[in-house]
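Peer 1: Once you've had a glance at the structure underneath, I'll fire off some questions.
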Amino acid sequence: MLTELSIRDFAIIDEIAITFNEGLTVLTGETGAGKSIIIDAIQLLAGGRGSVEFVRHEAKKAEIEGLFSIESSEHPIFTAASHYGIDIQDGQVVLQRTITSSGKSICRVNSKLVTLAILREFGKTLIDIHSQHETQSLMDTENHIDFLDMYEPQLISKAKEEYTQLYNKLISLKKRYQHLNDNEQEMAHRLDLLEFQMSELEAAELTPNEDELLEEERTSLANFERVYTALQDAYNALYGDQKGLEWLNQAQLALQDNSRFDAFIGEKAEEVSNYYFSLEELTYEIRSQIDTLQFDPDRLNDIESRLDEIGRLKKKYGSTVNEIIEYMAKIEEEVEQITNKDSHLNTLLQQIEELEKDALLEAQQLHEIRKKAANSLTEEIYSELKGLYLEKASFSIEFDANGMESKPRLHKNGFDHIRFLISTNTGEPLKELTKVASGGELSRIMLALKKIFSKHQGVTSVIFDEVDTGVSGRVAQAIAEKIYQISSDSQVLCITHLPQVAAMADTHKFIEKNEKNKRTSTNVKELTVVEQIEELSRMITGTKLTETAKDHAKEMLDLASAFKSNK
């Protein structure tokens, strides 16, 4: 769950630090106080799109930091962390996001710099944000298959992964087939180009690592005098009268002659003797190397000429000789394919047909799992909708007829195309959500899905941003109860204007806007029971607090407490 949130110089927030608890945390306050700004900050922390507009006026950068506590060792974030080499200790994950006034975005996970895409990957395993606008994703039938796949992630994701591997191979083979089957004129031009390149590369007679070896030899020849002098000076210092070896030999003899008189001398005599013979061997090697040295200006010219030729080829075919050789092998294979195009086309066609059969079998298995999941999900949705006063609603998950064809058309999700259908009134036919459901009904349907998916997704924190707008009365109470039920499986943070939802809070935080040094700033404080009663009273009546409103607020808290104790 999200345990700590720190925000600095973000929109109208100068600096705040908020501690969150388990269960349901409700955030209330006047319109414009900064409630949604806090959710915007969390959304950026989860990899949302940033903007310089978020940076507080006259500040250099906006900084957001969130500490998450992970209780389950099976949480998917551990897989992601292992993949990206990020260490997680004591089940704690810190996400950091900085947006500079110039528009640069800096992301970190446990202090390690990551890309925005990686931050988003971590964020989606930790945070699920649902706002008024998210119902639009429910309206799009293209997203319905993803909603269904989230219902049974363990079963479906495994089958989907196996299908995806086959499907990607199939698409790759089809692209190769299409490329090879392009028009004859284009293939002829391509063959001419490749044969010219092959001829040029074969004539060069390159050998592996040739450029590196030649450059080493050129360096040695270009510095021949320095190399020769260094070796000669070293040899002269070691070998000859009154030179290094002779003095070391005298030391060796002095110790050896007296080794029988002292244990220390005996020990060191052997060491000096070993040094002497090692140095003598080294001297012989230096002498041999000097004897092999021979300056050849013609060889240096040949090397320069060869490196120039290799450099010309590098501009066209690769940055190293080894890369050029690899490219040569690649075009040799392509020349062979084009020359024997018909044979390769037949081979590719056979491979495509075999892969299509295998992919179709995997897609069929995926379809069967989805059908079972759809039946279970439909039953659960019925149950949840009844609790949200949509007891007369009919709901169905429709699979299109593509799967019934003799050769279904495959796509990235198998061959299934799925639509959620609903009827909110008795006797009315099932239709697409967009054609039937009102805004309030869509919010309730999405809330029902969230209630169901909160048990399956493993997300640590679910955030609702004014999802209860436009509802009242018993529906508002039902939504409050449903949001609280979701908090039994995940931590829930909820911005609301409904007193029914606020009364359900395990923790109630009040957000207010103040002026300090002629600047507007946002503050957050956790309400005591007395303060919570006053805030609920304000939410019920508006501005003026009355004793009746306070009594009503107390009653709402008592009812909420009774509901919680029965769960």
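Each chain in the structure tokens gets a letter, A, B and so on, in the order shown; residues start at 1 in every chain, and ligands are counted from 1 in the order they appear.
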Segment 405-507 of chain A near segment 364-382 of chain A within 12 Å: what's each residue's closest atom pair and its distance in Å to one decimal, counting only C-alpha atoms, ordered by chain then ascending residue number, as JSON lines?

Peer 2:
```
{"residue": "A:Glu405", "atom": "CA", "partner": "A:Gln364", "partner_atom": "CA", "distance": 12.0}
{"residue": "A:Lys407", "atom": "CA", "partner": "A:Gln364", "partner_atom": "CA", "distance": 11.2}
{"residue": "A:Pro408", "atom": "CA", "partner": "A:Gln364", "partner_atom": "CA", "distance": 9.7}
{"residue": "A:Arg409", "atom": "CA", "partner": "A:Gln364", "partner_atom": "CA", "distance": 11.7}
{"residue": "A:Leu410", "atom": "CA", "partner": "A:Gln364", "partner_atom": "CA", "distance": 10.4}
{"residue": "A:Lys412", "atom": "CA", "partner": "A:Leu366", "partner_atom": "CA", "distance": 11.9}
{"residue": "A:Asn413", "atom": "CA", "partner": "A:Leu366", "partner_atom": "CA", "distance": 8.8}
{"residue": "A:Gly414", "atom": "CA", "partner": "A:Leu366", "partner_atom": "CA", "distance": 7.2}
{"residue": "A:Phe415", "atom": "CA", "partner": "A:His367", "partner_atom": "CA", "distance": 7.7}
{"residue": "A:Asp416", "atom": "CA", "partner": "A:His367", "partner_atom": "CA", "distance": 6.7}
{"residue": "A:His417", "atom": "CA", "partner": "A:His367", "partner_atom": "CA", "distance": 10.1}
{"residue": "A:Ile418", "atom": "CA", "partner": "A:Arg370", "partner_atom": "CA", "distance": 9.9}
{"residue": "A:Arg419", "atom": "CA", "partner": "A:Ala374", "partner_atom": "CA", "distance": 10.9}
{"residue": "A:Phe420", "atom": "CA", "partner": "A:Thr378", "partner_atom": "CA", "distance": 9.7}
{"residue": "A:Leu421", "atom": "CA", "partner": "A:Thr378", "partner_atom": "CA", "distance": 10.5}
{"residue": "A:Ile422", "atom": "CA", "partner": "A:Tyr382", "partner_atom": "CA", "distance": 10.7}
{"residue": "A:Ser423", "atom": "CA", "partner": "A:Tyr382", "partner_atom": "CA", "distance": 11.7}
{"residue": "A:Thr424", "atom": "CA", "partner": "A:Tyr382", "partner_atom": "CA", "distance": 11.5}
{"residue": "A:Arg444", "atom": "CA", "partner": "A:Ile381", "partner_atom": "CA", "distance": 10.6}
{"residue": "A:Ile445", "atom": "CA", "partner": "A:Ile381", "partner_atom": "CA", "distance": 8.1}
{"residue": "A:Met446", "atom": "CA", "partner": "A:Ile381", "partner_atom": "CA", "distance": 10.0}
{"residue": "A:Leu447", "atom": "CA", "partner": "A:Ile381", "partner_atom": "CA", "distance": 10.1}
{"residue": "A:Ala448", "atom": "CA", "partner": "A:Ile381", "partner_atom": "CA", "distance": 6.4}
{"residue": "A:Leu449", "atom": "CA", "partner": "A:Ile381", "partner_atom": "CA", "distance": 7.0}
{"residue": "A:Lys450", "atom": "CA", "partner": "A:Ile381", "partner_atom": "CA", "distance": 10.3}
{"residue": "A:Lys451", "atom": "CA", "partner": "A:Ile381", "partner_atom": "CA", "distance": 9.3}
{"residue": "A:Ile452", "atom": "CA", "partner": "A:Glu380", "partner_atom": "CA", "distance": 7.3}
{"residue": "A:Phe453", "atom": "CA", "partner": "A:Leu377", "partner_atom": "CA", "distance": 9.8}
{"residue": "A:His456", "atom": "CA", "partner": "A:Leu377", "partner_atom": "CA", "distance": 11.6}
```

Peer 1: Which polymer residues have any atom within 10 Å of an atom of Glu354 of chain A, counting only C-alpha atoms, with same-chain residues fewer than 6 positions away left out, as a PDB file with N, CA and C atoms, in the first residue's frame?

Peer 2:
```pdb
ATOM      1  N   LEU A 170       4.280 -15.968 -36.344  1.00  0.00           N
ATOM      2  CA  LEU A 170       3.450 -16.041 -37.547  1.00  0.00           C
ATOM      3  C   LEU A 170       3.488 -14.728 -38.321  1.00  0.00           C
ATOM      4  N   LEU A 348       8.314 -21.184 -46.846  1.00  0.00           N
ATOM      5  CA  LEU A 348       7.690 -20.221 -45.934  1.00  0.00           C
ATOM      6  C   LEU A 348       6.193 -20.462 -45.821  1.00  0.00           C
ATOM      7  N   LEU A 360      -3.866 -21.375 -33.896  1.00  0.00           N
ATOM      8  CA  LEU A 360      -5.318 -21.545 -33.809  1.00  0.00           C
ATOM      9  C   LEU A 360      -5.692 -22.442 -32.628  1.00  0.00           C
TER      10      LEU A 360
END
```

Peer 1: Which one of A:Pro429, A:Ser157, A:Met328, A:Thr100 sits closest to Lys316 of chain A if you count only C-alpha atoms?

Peer 2: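 Checking each candidate against Lys316 of chain A, we get A:Met328 as the closest.
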
Peer 1: Looking at only C-alpha atoms, which of A:Ser69, A:Asn274, A:Ile331, A:Leu279 is the one that sits closest to Phe196 of chain A?

Peer 2: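 Checking each candidate against Phe196 of chain A, we get A:Ile331 as the closest.
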
Peer 1: DSSP says helix (DSSP H, G or I) for which residues of segment 338-434 of chain A? Put them as an MDAnalysis selection string?

Peer 2: chainID A and resid 338:339 341:387 401:404 433:434

Peer 1: Have a look at atom CA of Lys243 of chain A and atom CA of Asp262 of chain A and let me know their distance in Å, one decimal.

Peer 2: 28.3 Å

Peer 1: Counting only C-alpha atoms, what is within 6 Å of segment 460-466 of chain A, bar same-chain residues fewer than 5 positions away, as a list in words?

Peer 2: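 Listing them by chain and then by number gives Met1, Leu126, Ile127, Asp128, Ile129, His130, Ser131, Ser490, Gln491, Val492, Leu493, Cys494, Ile495 and Thr496 of chain A.
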
Peer 1: Mind writing the picked residues with all heavy atoms as a tab-separated table (two decimals), in the first residue's frame?

Peer 2:
```
chain	number	residue	atom	x	y	z
A	1	MET	N	0.84	-1.19	0.00
A	1	MET	CA	0.00	0.00	0.00
A	1	MET	C	0.87	1.25	0.00
A	1	MET	O	2.07	1.19	0.31
A	1	MET	CB	-0.91	0.01	1.24
A	1	MET	CG	-0.18	0.22	2.55
A	1	MET	SD	-1.31	0.41	3.93
A	1	MET	CE	-0.13	0.79	5.24
A	126	LEU	N	1.17	-1.14	-8.80
A	126	LEU	CA	0.97	-0.59	-7.46
A	126	LEU	C	-0.29	0.23	-7.32
A	126	LEU	O	-0.91	0.25	-6.27
A	126	LEU	CB	2.18	0.28	-7.07
A	126	LEU	CG	3.53	-0.42	-6.93
A	126	LEU	CD1	4.64	0.61	-6.78
A	126	LEU	CD2	3.52	-1.37	-5.74
A	127	ILE	N	-0.66	0.96	-8.39
A	127	ILE	CA	-1.74	1.95	-8.28
A	127	ILE	C	-2.75	1.75	-9.40
A	127	ILE	O	-2.38	1.57	-10.56
A	127	ILE	CB	-1.16	3.38	-8.37
A	127	ILE	CG1	-0.06	3.60	-7.33
A	127	ILE	CG2	-2.26	4.42	-8.21
A	127	ILE	CD1	0.74	4.87	-7.55
A	128	ASP	N	-4.01	1.82	-9.04
A	128	ASP	CA	-5.11	1.77	-10.02
A	128	ASP	C	-6.00	2.98	-9.78
A	128	ASP	O	-6.69	3.06	-8.76
A	128	ASP	CB	-5.89	0.47	-9.87
A	128	ASP	CG	-7.04	0.38	-10.87
A	128	ASP	OD1	-6.96	1.05	-11.91
A	128	ASP	OD2	-8.01	-0.35	-10.59
A	129	ILE	N	-5.95	3.96	-10.68
A	129	ILE	CA	-6.69	5.20	-10.50
A	129	ILE	C	-7.95	5.18	-11.34
A	129	ILE	O	-7.90	4.94	-12.55
A	129	ILE	CB	-5.82	6.42	-10.87
A	129	ILE	CG1	-4.58	6.47	-9.96
A	129	ILE	CG2	-6.62	7.72	-10.74
A	129	ILE	CD1	-3.61	7.60	-10.28
A	130	HIS	N	-9.09	5.44	-10.69
A	130	HIS	CA	-10.38	5.46	-11.39
A	130	HIS	C	-11.00	6.84	-11.19
A	130	HIS	O	-11.27	7.26	-10.07
A	130	HIS	CB	-11.30	4.38	-10.83
A	130	HIS	CG	-12.68	4.41	-11.43
A	130	HIS	ND1	-12.89	4.55	-12.78
A	130	HIS	CD2	-13.89	4.33	-10.86
A	130	HIS	CE1	-14.20	4.54	-13.01
A	130	HIS	NE2	-14.83	4.42	-11.86
A	131	SER	N	-11.21	7.55	-12.29
A	131	SER	CA	-11.81	8.88	-12.24
A	131	SER	C	-13.13	8.87	-13.01
A	131	SER	O	-13.51	7.87	-13.62
A	131	SER	CB	-10.86	9.91	-12.84
A	131	SER	OG	-10.68	9.65	-14.22
A	490	SER	N	-7.83	-4.15	-1.02
A	490	SER	CA	-6.78	-3.20	-1.41
A	490	SER	C	-6.95	-1.92	-0.60
A	490	SER	O	-8.07	-1.58	-0.21
A	490	SER	CB	-6.85	-2.87	-2.91
A	490	SER	OG	-6.76	-4.02	-3.71
A	491	GLN	N	-5.85	-1.24	-0.40
A	491	GLN	CA	-5.95	0.10	0.17
A	491	GLN	C	-6.73	0.98	-0.82
A	491	GLN	O	-6.51	0.92	-2.02
A	491	GLN	CB	-4.56	0.68	0.38
A	491	GLN	CG	-4.55	2.12	0.91
A	491	GLN	CD	-3.18	2.76	0.76
A	491	GLN	OE1	-2.55	2.64	-0.28
A	491	GLN	NE2	-2.73	3.44	1.80
A	492	VAL	N	-7.66	1.80	-0.30
A	492	VAL	CA	-8.46	2.67	-1.17
A	492	VAL	C	-8.31	4.11	-0.71
A	492	VAL	O	-8.45	4.43	0.48
A	492	VAL	CB	-9.95	2.28	-1.15
A	492	VAL	CG1	-10.78	3.31	-1.93
A	492	VAL	CG2	-10.15	0.90	-1.77
A	493	LEU	N	-8.00	4.99	-1.66
A	493	LEU	CA	-7.99	6.43	-1.43
A	493	LEU	C	-9.13	7.00	-2.27
A	493	LEU	O	-9.23	6.71	-3.46
A	493	LEU	CB	-6.66	7.06	-1.85
A	493	LEU	CG	-5.38	6.38	-1.36
A	493	LEU	CD1	-4.16	7.12	-1.88
A	493	LEU	CD2	-5.36	6.32	0.15
A	494	CYS	N	-9.98	7.82	-1.65
A	494	CYS	CA	-11.18	8.26	-2.35
A	494	CYS	C	-11.44	9.75	-2.12
A	494	CYS	O	-11.55	10.19	-0.97
A	494	CYS	CB	-12.38	7.43	-1.88
A	494	CYS	SG	-13.93	7.88	-2.69
A	495	ILE	N	-11.52	10.49	-3.22
A	495	ILE	CA	-11.97	11.89	-3.16
A	495	ILE	C	-13.47	11.88	-3.38
A	495	ILE	O	-13.96	11.28	-4.34
A	495	ILE	CB	-11.28	12.73	-4.24
A	495	ILE	CG1	-9.81	12.92	-3.90
A	495	ILE	CG2	-11.94	14.09	-4.36
A	495	ILE	CD1	-9.03	13.70	-4.92
A	496	THR	N	-14.20	12.55	-2.48
A	496	THR	CA	-15.66	12.48	-2.58
A	496	THR	C	-16.30	13.78	-2.09
A	496	THR	O	-15.72	14.53	-1.30
A	496	THR	CB	-16.21	11.29	-1.76
A	496	THR	OG1	-17.61	11.20	-1.95
A	496	THR	CG2	-15.90	11.48	-0.28
```

Peer 1: Which one is closest to Glu74 of chain A: A:Thr125, A:Arg226, A:Leu95, A:Ala480? Count only C-alpha atoms.

Peer 2: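 Among the listed residues, A:Thr125 lies closest to Glu74 of chain A.
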
Peer 1: Mind checking which residues fall within 12 Å of Glu210 of chain A, counting only C-alpha atoms, ignoring those fewer than 5 positions away in the same chain, and posting them as a list in words?

Peer 2: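 In the requested format, the answer is Ala204, Glu205, Glu215, Glu216, Glu217, Ile303, Arg306, Leu307, Glu309, Ile310, Gly311, Thr320, Val321, Asn322, Glu323, Ile324 and Ile325 of chain A.
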
Peer 1: Restricting the output to C-alpha atoms, write the selected residues as a short mmCIF file (atom, residue, chain, number, x, y, z; two decimals), in the first residue's frame.

Peer 2:
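Result saved to result.cif:
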```cif
data_model
loop_
_atom_site.label_atom_id
_atom_site.label_comp_id
_atom_site.auth_asym_id
_atom_site.auth_seq_id
_atom_site.Cartn_x
_atom_site.Cartn_y
_atom_site.Cartn_z
CA ALA A 204 38.39 -7.19 -50.22
CA GLU A 205 39.18 -10.64 -48.69
CA GLU A 215 45.96 -0.71 -36.22
CA GLU A 216 48.08 -2.36 -33.52
CA GLU A 217 50.83 -3.09 -36.07
CA ILE A 303 49.05 -1.00 -43.71
CA ARG A 306 44.75 -1.40 -46.37
CA LEU A 307 43.21 0.58 -43.51
CA GLU A 309 40.30 0.49 -48.00
CA ILE A 310 38.73 -0.99 -44.87
CA GLY A 311 37.60 2.51 -43.79
CA THR A 320 34.06 -2.92 -37.72
CA VAL A 321 35.50 -5.62 -39.96
CA ASN A 322 33.57 -8.24 -37.98
CA GLU A 323 30.30 -6.36 -38.60
CA ILE A 324 31.13 -6.18 -42.32
CA ILE A 325 31.76 -9.94 -42.39
#
```
